[in-house]
$ cat coords-v7.json   # JSON, C-alpha atoms
[["chain", "number", "residue", "atom", "x", "y", "z"],
["A", 132, "MET", "CA", -177.91, -5.44, -25.37],
["A", 133, "ASN", "CA", -179.93, -2.30, -24.70],
["A", 134, "LEU", "CA", -178.66, 1.26, -24.98],
["A", 135, "LEU", "CA", -178.03, 1.72, -21.27],
["A", 136, "GLU", "CA", -175.99, -1.49, -21.06],
["A", 137, "LYS", "CA", -173.94, -0.41, -24.11],
["A", 138, "GLN", "CA", -173.23, 2.98, -22.58],
["A", 139, "MET", "CA", -172.20, 1.41, -19.27],
["A", 140, "LYS", "CA", -169.92, -1.01, -21.12],
["A", 141, "LEU", "CA", -168.44, 1.91, -23.08],
["A", 142, "GLY", "CA", -167.68, 3.73, -19.83],
["A", 143, "ARG", "CA", -165.98, 0.66, -18.37],
["A", 144, "ASP", "CA", -164.03, 0.03, -21.57],
["A", 145, "LEU", "CA", -162.82, 3.64, -21.78],
["A", 146, "PHE", "CA", -161.84, 3.58, -18.11],
["A", 147, "GLU", "CA", -159.83, 0.38, -18.65],
["A", 148, "ILE", "CA", -158.16, 1.80, -21.76],
["A", 149, "ASN", "CA", -157.23, 5.04, -19.99],
["A", 150, "THR", "CA", -155.97, 3.21, -16.91],
["A", 151, "GLY", "CA", -153.85, 0.90, -19.03],
["A", 152, "VAL", "CA", -152.40, 3.77, -21.06],
["A", 153, "LEU", "CA", -151.58, 5.75, -17.94],
["A", 154, "ARG", "CA", -149.88, 2.73, -16.37],
["A", 155, "GLN", "CA", -147.84, 2.05, -19.52],
["A", 156, "MET", "CA", -146.84, 5.70, -19.97],
["A", 157, "VAL", "CA", -145.70, 5.97, -16.34],
["A", 158, "GLU", "CA", -143.69, 2.77, -16.78],
["A", 159, "LEU", "CA", -142.10, 4.11, -19.98],
["A", 160, "GLN", "CA", -141.25, 7.41, -18.32],
["A", 161, "THR", "CA", -139.78, 5.65, -15.29],
["A", 162, "ASN", "CA", -137.64, 3.46, -17.52],
["A", 163, "GLY", "CA", -136.60, 6.52, -19.52],
["A", 164, "VAL", "CA", -135.41, 8.37, -16.42],
["A", 165, "ARG", "CA", -133.62, 5.27, -15.16],
["A", 166, "GLN", "CA", -131.96, 4.86, -18.55],
["A", 167, "TYR", "CA", -130.95, 8.54, -18.56],
["A", 168, "PHE", "CA", -129.23, 8.22, -15.18],
["A", 169, "GLU", "CA", -127.50, 5.02, -16.26],
["A", 170, "THR", "CA", -126.22, 6.72, -19.43],
["A", 171, "ASN", "CA", -124.90, 9.65, -17.39],
["A", 172, "LYS", "CA", -123.24, 7.27, -14.96],
["A", 173, "GLN", "CA", -121.54, 5.33, -17.76],
["A", 174, "PHE", "CA", -120.17, 8.42, -19.44],
["A", 175, "ALA", "CA", -119.14, 10.06, -16.17],
["A", 176, "SER", "CA", -117.05, 6.99, -15.41],
["A", 177, "LYS", "CA", -115.14, 7.56, -18.67],
["A", 178, "LEU", "CA", -114.17, 11.15, -17.85],
["A", 179, "PRO", "CA", -111.21, 10.35, -15.59],
["A", 180, "ASN", "CA", -109.58, 8.57, -18.55],
["A", 181, "VAL", "CA", -109.66, 11.68, -20.75],
["A", 182, "ARG", "CA", -106.14, 12.81, -21.59],
["A", 183, "ASP", "CA", -106.70, 15.17, -24.52],
["A", 184, "VAL", "CA", -109.38, 17.27, -26.21],
["A", 185, "SER", "CA", -110.04, 14.79, -29.01],
["A", 186, "SER", "CA", -110.90, 11.98, -26.59],
["A", 187, "PHE", "CA", -113.18, 14.37, -24.67],
["A", 188, "VAL", "CA", -114.95, 15.34, -27.90],
["A", 189, "GLU", "CA", -115.32, 11.67, -28.80],
["A", 190, "ILE", "CA", -116.87, 10.90, -25.40],
["A", 191, "GLN", "CA", -119.22, 13.87, -25.79],
["A", 192, "ARG", "CA", -120.25, 12.69, -29.27],
["A", 193, "ASP", "CA", -120.94, 9.17, -27.98],
["A", 194, "TYR", "CA", -122.91, 10.62, -25.07],
["A", 195, "GLY", "CA", -125.03, 12.78, -27.38],
["A", 196, "GLN", "CA", -125.71, 9.86, -29.69],
["A", 197, "ALA", "CA", -126.73, 7.66, -26.75],
["A", 198, "LEU", "CA", -129.10, 10.32, -25.42],
["A", 199, "TRP", "CA", -130.61, 10.86, -28.87],
["A", 200, "SER", "CA", -131.04, 7.15, -29.44],
["A", 201, "ASP", "CA", -132.71, 6.68, -26.04],
["A", 202, "ALA", "CA", -135.03, 9.66, -26.65],
["A", 203, "GLN", "CA", -136.07, 8.30, -30.04],
["A", 204, "SER", "CA", -136.73, 4.86, -28.59],
["A", 205, "ASN", "CA", -138.82, 6.29, -25.77],
["A", 206, "MET", "CA", -140.86, 8.44, -28.16],
["A", 207, "ARG", "CA", -141.43, 5.49, -30.48],
["A", 208, "ASN", "CA", -142.60, 3.30, -27.58],
["A", 209, "GLY", "CA", -144.90, 6.04, -26.28],
["A", 210, "GLY", "CA", -146.33, 6.51, -29.76],
["A", 211, "SER", "CA", -147.11, 2.83, -30.09],
["A", 212, "VAL", "CA", -148.92, 2.88, -26.72],
["A", 213, "LEU", "CA", -151.02, 5.85, -27.83],
["A", 214, "LYS", "CA", -151.72, 4.30, -31.24],
["A", 215, "SER", "CA", -152.94, 1.12, -29.57],
["A", 216, "ALA", "CA", -155.13, 3.17, -27.21],
["A", 217, "ALA", "CA", -156.67, 5.04, -30.14],
["A", 218, "GLU", "CA", -157.44, 1.78, -31.94],
["A", 219, "ASN", "CA", -159.00, 0.26, -28.81],
["A", 220, "THR", "CA", -161.04, 3.42, -28.20],
["A", 221, "GLY", "CA", -162.31, 3.36, -31.77],
["A", 222, "THR", "CA", -163.37, -0.25, -31.37],
["A", 223, "ALA", "CA", -165.16, 0.51, -28.09],
["A", 224, "LEU", "CA", -166.97, 3.49, -29.63],
["A", 225, "ARG", "CA", -168.05, 1.51, -32.70],
["A", 226, "GLU", "CA", -169.41, -1.25, -30.46],
["A", 227, "ALA", "CA", -171.30, 1.26, -28.31],
["A", 228, "PHE", "CA", -172.89, 3.15, -31.18],
["A", 229, "THR", "CA", -173.68, 0.24, -33.47],
["A", 230, "SER", "CA", -177.32, -0.72, -33.19],
["A", 231, "ASN", "CA", -178.29, -4.36, -32.82],
["A", 232, "ALA", "CA", -179.85, -4.32, -36.29],
["A", 233, "GLU", "CA", -176.62, -3.02, -37.86],
["A", 234, "ALA", "CA", -174.58, -5.61, -35.97],
["A", 235, "ALA", "CA", -176.86, -8.41, -37.19],
["A", 236, "GLU", "CA", -176.44, -7.26, -40.83],
["A", 237, "ALA", "CA", -172.64, -7.22, -40.62]]

$ encode --input "coords-v7.json" --output "structure tokens"
Amino acid sequence: MNLLEKQMKLGRDLFEINTGVLRQMVELQTNGVRQYFETNKQFASKLPNVRDVSSFVEIQRDYGQALWSDAQSNMRNGGSVLKSAAENTGTALREAFTSNAEAAEA
């Protein structure tokens, strides 16, 4: 494969990686917002049952823990998407800048 073909392939590969990452990140964000609204809905439905301060504090604590757990999960998932993208980009760059002679030796 000549240099021009490698560079064209690199451009296509990077475009596909970026498109895939963008699609996955939008999906994660959409799911995160949906999950946030669902959490709010669940805890709002519990409020009419509050009869004293201790039960209100307990509901608030559960709500905070649910939000924190969801945020951590979303960050972890986003991090894994970005890690995968970095690995794929590294592979594409190595392929593009490895000469045919170096590839034959390996």

$ residues_around --input "coords-v7.json" --residues "range 202-213 of chain A" --least-positions-apart "3" --cutoff "9 Å" --atoms "all atoms listed in the file" --output "list in words"
Val152, Gln155, Met156, Leu159, Gln160, Asn162, Gly163, Ala197, Leu198, Trp199, Ala216, Ala217 and Glu218 of chain A

$ write_last_selection --input "coords-v7.json" --atoms "C-alpha atoms" --output "mmCIF file, in the frame of the given file"
data_model
loop_
_atom_site.group_PDB
_atom_site.id
_atom_site.type_symbol
_atom_site.label_atom_id
_atom_site.label_comp_id
_atom_site.auth_asym_id
_atom_site.auth_seq_id
_atom_site.Cartn_x
_atom_site.Cartn_y
_atom_site.Cartn_z
ATOM 1 C CA VAL A 152 -152.400 3.770 -21.060
ATOM 2 C CA GLN A 155 -147.840 2.050 -19.520
ATOM 3 C CA MET A 156 -146.840 5.700 -19.970
ATOM 4 C CA LEU A 159 -142.100 4.110 -19.980
ATOM 5 C CA GLN A 160 -141.250 7.410 -18.320
ATOM 6 C CA ASN A 162 -137.640 3.460 -17.520
ATOM 7 C CA GLY A 163 -136.600 6.520 -19.520
ATOM 8 C CA ALA A 197 -126.730 7.660 -26.750
ATOM 9 C CA LEU A 198 -129.100 10.320 -25.420
ATOM 10 C CA TRP A 199 -130.610 10.860 -28.870
ATOM 11 C CA ALA A 216 -155.130 3.170 -27.210
ATOM 12 C CA ALA A 217 -156.670 5.040 -30.140
ATOM 13 C CA GLU A 218 -157.440 1.780 -31.940
#

$ residues_around --input "coords-v7.json" --residues "Gly151 in chain A" --least-positions-apart "6" --cutoff "12 Å" --atoms "all atoms listed in the file" --output "MDAnalysis selection string"
chainID A and resid 144:145 157:158 212:213 215:216 219:220

$ residues_around --input "coords-v7.json" --residues "Leu178 in chain A" --least-positions-apart "3" --cutoff "12 Å" --atoms "all atoms listed in the file" --output "ChimeraX atom specification"
/A:171-175,181-184,186-191,194

$ residues_around --input "coords-v7.json" --residues "Gln138 in chain A" --least-positions-apart "5" --cutoff "12 Å" --atoms "all atoms listed in the file" --output "PyMOL selection string"
chain A and resi 132-133+143-145+223-230

$ atom_distance --input "coords-v7.json" --atom1 "CA of Arg154 in chain A" --atom2 "CA of Gly221 in chain A"
19.8 Å

$ atom_distance --input "coords-v7.json" --atom1 "CA of Glu169 in chain A" --atom2 "CA of Asp201 in chain A"
11.2 Å

$ atom_distance --input "coords-v7.json" --atom1 "CA of Ser176 in chain A" --atom2 "CA of Ser200 in chain A"
19.8 Å
